[in-house]
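A.B. asks: If it helps, the file is called input28.csv and holds CSV, C-alpha atoms and all ligand atoms:
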```csv
chain,number,residue,atom,x,y,z
A,9,MET,CA,105.2,85.7,107.2
A,10,ASP,CA,102.9,86.7,110.0
A,11,ARG,CA,101.2,90.0,110.7
A,12,THR,CA,99.9,91.8,113.7
A,13,LEU,CA,98.3,95.2,114.4
A,14,VAL,CA,100.2,97.9,116.3
A,15,ILE,CA,98.8,101.2,117.3
A,16,CYS,CA,101.0,104.0,118.5
A,17,LYS,CA,98.4,105.6,120.7
A,18,PRO,CA,97.6,109.4,120.9
A,19,ASP,CA,100.1,109.9,123.7
A,20,ALA,CA,102.9,108.4,121.6
A,21,VAL,CA,102.0,110.7,118.7
A,22,GLU,CA,101.7,113.8,120.9
A,23,ARG,CA,105.0,113.1,122.6
A,24,GLY,CA,106.9,112.5,119.4
A,25,LEU,CA,107.6,108.9,120.2
A,26,VAL,CA,106.4,107.2,117.0
A,27,GLY,CA,109.8,107.0,115.5
A,28,GLU,CA,111.2,105.5,118.8
A,29,ILE,CA,108.5,102.9,119.0
A,30,LEU,CA,108.4,101.9,115.3
A,31,GLY,CA,112.2,102.0,115.3
A,32,ARG,CA,112.4,99.4,118.0
A,33,PHE,CA,110.3,97.0,115.9
A,34,GLU,CA,112.4,97.7,112.8
A,35,ARG,CA,115.6,97.2,114.7
A,36,LYS,CA,114.3,93.9,116.0
A,37,GLY,CA,113.9,92.8,112.3
A,38,LEU,CA,110.2,93.2,111.9
A,39,ARG,CA,108.8,95.2,108.9
A,40,LEU,CA,106.0,97.7,108.3
A,41,ALA,CA,103.4,96.4,106.0
A,42,ALA,CA,101.0,99.3,106.4
A,43,VAL,CA,101.1,102.6,108.3
A,44,GLU,CA,98.5,105.3,108.7
A,45,LEU,CA,98.0,108.3,111.0
A,46,ARG,CA,94.3,108.3,111.7
A,47,ALA,CA,91.7,109.8,114.1
A,48,LEU,CA,89.9,106.9,115.8
A,49,ASP,CA,86.2,107.4,116.5
A,50,SER,CA,84.1,105.8,119.2
A,51,ASP,CA,82.4,103.4,116.8
A,52,LEU,CA,85.6,101.9,115.5
A,53,LEU,CA,87.1,101.8,119.1
A,54,ALA,CA,84.0,99.9,120.3
A,55,ARG,CA,84.6,97.3,117.7
A,56,HIS,CA,88.4,97.2,118.4
A,57,TYR,CA,87.9,97.1,122.2
A,58,SER,CA,84.7,95.0,122.2
A,59,GLU,CA,86.0,92.8,125.0
A,60,HIS,CA,86.3,95.9,127.2
A,61,VAL,CA,82.9,97.6,126.5
A,62,GLY,CA,81.2,98.3,129.8
A,63,LYS,CA,84.3,97.9,132.0
A,64,PRO,CA,84.9,100.7,134.5
A,65,PHE,CA,87.9,102.1,132.5
A,66,TYR,CA,86.2,101.9,129.1
A,67,HIS,CA,85.0,105.6,129.0
A,68,ASP,CA,88.4,106.9,129.8
A,69,LEU,CA,90.0,104.5,127.3
A,70,VAL,CA,87.8,105.8,124.5
A,71,ALA,CA,88.2,109.4,125.5
A,72,PHE,CA,92.0,109.0,125.4
A,73,MET,CA,92.2,106.9,122.2
A,74,SER,CA,90.0,109.5,120.3
A,75,ARG,CA,91.5,112.7,121.6
A,76,SER,CA,94.1,113.1,118.8
A,77,PRO,CA,95.3,111.0,115.9
A,78,ALA,CA,96.9,107.6,116.4
A,79,LEU,CA,99.4,105.8,114.2
A,80,VAL,CA,97.9,102.5,113.1
A,81,ALA,CA,100.3,100.0,111.6
A,82,VAL,CA,100.6,96.4,110.4
A,83,VAL,CA,103.8,94.8,111.5
A,84,GLU,CA,105.2,91.8,109.7
A,85,GLY,CA,107.7,89.1,110.7
A,86,PRO,CA,108.1,85.4,111.4
A,87,GLU,CA,105.6,83.1,113.0
A,88,ASP,CA,103.9,84.5,116.1
A,89,THR,CA,105.0,88.0,115.4
A,90,TRP,CA,102.2,89.2,117.6
A,91,ARG,CA,104.0,87.5,120.5
A,92,VAL,CA,107.3,89.3,119.8
A,93,VAL,CA,105.5,92.7,119.6
A,94,ARG,CA,103.7,92.0,122.9
A,95,ALA,CA,107.0,91.1,124.6
A,96,MET,CA,108.6,94.3,123.4
A,97,MET,CA,105.6,96.4,124.6
A,98,GLY,CA,105.7,95.2,128.2
A,99,ALA,CA,102.9,94.9,130.8
A,100,THR,CA,99.7,96.9,130.4
A,101,ASN,CA,100.6,99.0,133.4
A,102,PRO,CA,103.8,100.9,132.6
A,103,MET,CA,104.7,101.1,136.3
A,104,LYS,CA,104.9,97.3,136.3
A,105,ALA,CA,106.4,96.9,132.8
A,106,ASP,CA,110.0,95.7,132.7
A,107,PRO,CA,112.8,98.1,131.8
A,108,GLY,CA,113.8,97.5,128.2
A,109,THR,CA,110.2,97.3,127.1
A,110,ILE,CA,108.4,100.2,125.4
A,111,ARG,CA,106.0,100.8,128.2
A,112,GLY,CA,108.6,100.1,130.8
A,113,ASP,CA,111.0,102.7,129.3
A,114,LEU,CA,108.7,105.4,128.2
A,115,GLY,CA,105.5,105.5,130.3
A,116,THR,CA,104.0,105.8,133.8
A,117,GLU,CA,100.2,105.8,133.2
A,118,VAL,CA,98.0,102.8,132.7
A,119,THR,CA,95.6,104.5,130.4
A,120,GLU,CA,98.2,106.4,128.4
A,121,ASN,CA,100.4,103.4,127.8
A,122,LEU,CA,101.7,104.4,124.4
A,123,VAL,CA,101.1,101.3,122.3
A,124,HIS,CA,98.6,98.6,121.4
A,125,GLY,CA,99.5,95.1,120.0
A,126,SER,CA,97.2,92.3,119.1
A,127,ASP,CA,97.1,89.6,121.9
A,128,SER,CA,96.7,86.5,119.8
A,129,ALA,CA,96.9,85.3,116.2
A,130,ASP,CA,93.1,85.5,116.0
A,131,SER,CA,93.0,89.0,117.4
A,132,ALA,CA,95.7,90.0,114.9
A,133,GLN,CA,93.6,88.8,112.0
A,134,ARG,CA,90.4,90.4,113.3
A,135,GLU,CA,92.1,93.8,114.1
A,136,ILE,CA,94.0,94.0,110.8
A,137,GLY,CA,90.7,93.4,109.1
A,138,LEU,CA,89.1,96.2,111.1
A,139,PHE,CA,91.7,98.8,110.5
A,140,PHE,CA,93.0,97.8,107.0
A,141,PRO,CA,90.1,95.9,105.3
A,142,ASP,CA,91.8,96.2,101.9
A,143,LEU,CA,95.1,94.7,103.0
A,201,LIG,P1,96.7,95.6,126.6
A,201,LIG,O1,96.7,97.0,126.0
A,201,LIG,O2,98.0,95.4,127.3
A,201,LIG,O3,96.3,94.5,125.7
A,201,LIG,P2,94.0,95.3,127.8
A,201,LIG,O4,93.6,94.8,126.5
A,201,LIG,O5,93.7,94.6,129.0
A,201,LIG,O6,95.6,95.6,127.8
A,201,LIG,O7,93.4,96.8,128.0
A,201,LIG,C1,93.3,97.7,126.9
A,201,LIG,C2,93.7,99.0,127.4
A,201,LIG,O8,92.7,99.5,128.3
A,201,LIG,C3,95.0,99.1,128.1
A,201,LIG,O9,96.1,99.3,127.2
A,201,LIG,C4,94.8,100.3,129.0
A,201,LIG,C5,93.4,100.2,129.3
A,201,LIG,N1,93.2,99.5,130.6
A,201,LIG,C6,93.3,98.2,130.8
A,201,LIG,N2,93.1,97.9,132.1
A,201,LIG,C7,92.9,99.0,132.8
A,201,LIG,C8,92.7,99.4,134.1
A,201,LIG,N3,92.6,98.5,135.1
A,201,LIG,N4,92.6,100.7,134.4
A,201,LIG,C9,92.6,101.7,133.4
A,201,LIG,N5,92.9,101.4,132.1
A,201,LIG,C10,93.0,100.1,131.8
A,202,MG,MG,94.5,94.0,124.8
```
Please lay out the structure from this file as structure tokens.
C.D. replies:
Amino acid sequence: MDRTLVICKPDAVERGLVGEILGRFERKGLRLAAVELRALDSDLLARHYSEHVGKPFYHDLVAFMSRSPALVAVVEGPEDTWRVVRAMMGATNPMKADPGTIRGDLGTEVTENLVHGSDSADSAQREIGLFFPDL
């Protein structure tokens, strides 16, 4: 079994798309190992997005991610589950994401792009530890 971190971002919660997004992962055959609706503060986001601190879009990213609760989840499946989740999410910019992906089907904005998924096995381990230290 392999685990990765998924966040249904505030836009997904606000738009009522959490069921649609988690449902896609469930229909794929992945399982939910942990789920929590949570307000994300700037300190936690700085640790989560440490690679992006200082970039031109960072301020807007944190403002968006902290404006209303997000649904944080651990998704479980076979080896390299993080890769399956990333493929199902689509490209970072929803305007460039393929149809059939979450971002390609449901979004148009690069900041408000609905979903986060860890981008490697190491990231998955680090991010799960950050959001679910007791798991
Ligand atoms: P991803 O979420 O696909 O892993 P990322 O880690 O490069 O993408 O960036 C994290 C988030 O930051 C991304 O989901 C949306 C925002 N972002 C990235 N690049 C951006 C840009 N050029 N302009 C505005 N927002 C951006
Ligand atoms: Mg990323």
A.B. asks: Which residues of chain A have any atom within 12 Å of an atom in ligand MG 202 (chain A) when counting all atoms listed in the file, and what is the closest pair of atoms for each, with the distance in Å to one decimal? Order the rows by chain and rising number and write it as a Markdown table.
C.D. replies:
```
| residue | atom | partner | partner_atom | distance |
| --- | --- | --- | --- | --- |
| A:Leu13 | CA | A:MG202 | MG | 11.1 |
| A:Val14 | CA | A:MG202 | MG | 11.0 |
| A:Ile15 | CA | A:MG202 | MG | 11.3 |
| A:His56 | CA | A:MG202 | MG | 9.4 |
| A:Tyr57 | CA | A:MG202 | MG | 7.7 |
| A:Ser58 | CA | A:MG202 | MG | 10.2 |
| A:Glu59 | CA | A:MG202 | MG | 8.6 |
| A:His60 | CA | A:MG202 | MG | 8.8 |
| A:Leu69 | CA | A:MG202 | MG | 11.7 |
| A:Trp90 | CA | A:MG202 | MG | 11.6 |
| A:Arg94 | CA | A:MG202 | MG | 9.6 |
| A:Met97 | CA | A:MG202 | MG | 11.4 |
| A:Gly98 | CA | A:MG202 | MG | 11.8 |
| A:Ala99 | CA | A:MG202 | MG | 10.4 |
| A:Thr100 | CA | A:MG202 | MG | 8.2 |
| A:Asn101 | CA | A:MG202 | MG | 11.7 |
| A:Thr119 | CA | A:MG202 | MG | 12.0 |
| A:Asn121 | CA | A:MG202 | MG | 11.5 |
| A:Val123 | CA | A:MG202 | MG | 10.2 |
| A:His124 | CA | A:MG202 | MG | 7.0 |
| A:Gly125 | CA | A:MG202 | MG | 7.0 |
| A:Ser126 | CA | A:MG202 | MG | 6.5 |
| A:Asp127 | CA | A:MG202 | MG | 5.9 |
| A:Ser128 | CA | A:MG202 | MG | 9.3 |
| A:Ser131 | CA | A:MG202 | MG | 9.1 |
| A:Ala132 | CA | A:MG202 | MG | 10.7 |
| A:Glu135 | CA | A:MG202 | MG | 11.0 |
```
A.B. asks: Quick one: what's the axis-aligned box for ligand LIG 201 (chain A), all listed atoms, 5 Å on every side, centre and edges in Å to one decimal, as lines of an AutoDock Vina configuration file?
C.D. replies:
```
center_x = 95.3
center_y = 98.1
center_z = 130.4
size_x = 15.4
size_y = 17.2
size_z = 19.4
```
A.B. asks: Which one is closest to ligand LIG 201 (chain A): A:Lys17, A:Arg23, A:Arg55, A:Arg35? Count all atoms listed in the file.
C.D. replies: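 Of the candidates, the smallest distance to ligand LIG 201 (chain A) is held by A:Lys17.
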A.B. asks: Restricting the calculation to all atoms listed in the file: of A:Ala81, A:Pro107, A:Ala129, A:Lys63, which residue gets closest to ligand LIG 201 (chain A)?
C.D. replies: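 With all atoms listed in the file as the atom set, the closest residue is A:Lys63.
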A.B. asks: Taking only C-alpha atoms into account, name the residue in A:Gly31, A:Leu79, A:Ala54, A:Leu138 that is nearest to His67 of chain A.
C.D. replies: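 Residue with the minimum atom-to-atom distance to His67 of chain A: A:Ala54.
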A.B. asks: Tell me, in Å to one decimal, how far atom CA of Ala95 of chain A is from atom C1 of ligand LIG 201 (chain A).
C.D. replies: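 Between atom CA of Ala95 of chain A and atom C1 of ligand LIG 201 (chain A) the gap works out to 15.4 Å.
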A.B. asks: What is the atom CA of Ala47 of chain A-atom CA of Arg75 of chain A distance in Å, reported with one decimal?
C.D. replies: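 Pair atom CA of Ala47 of chain A / atom CA of Arg75 of chain A returns 8.0 Å.
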A.B. asks: Go ahead and compute the interatomic distance for atom CA of Ile110 of chain A and atom CA of Ile29 of chain A, in Å to one decimal.
C.D. replies: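 Separating atom CA of Ile110 of chain A from atom CA of Ile29 of chain A is a distance of 6.9 Å.
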A.B. asks: Find the residue from A:Glu22, A:Asp10, A:Asp113, A:Glu120 that sits nearest to Arg39 of chain A; use all atoms listed in the file when measuring.
C.D. replies: A:Asp10
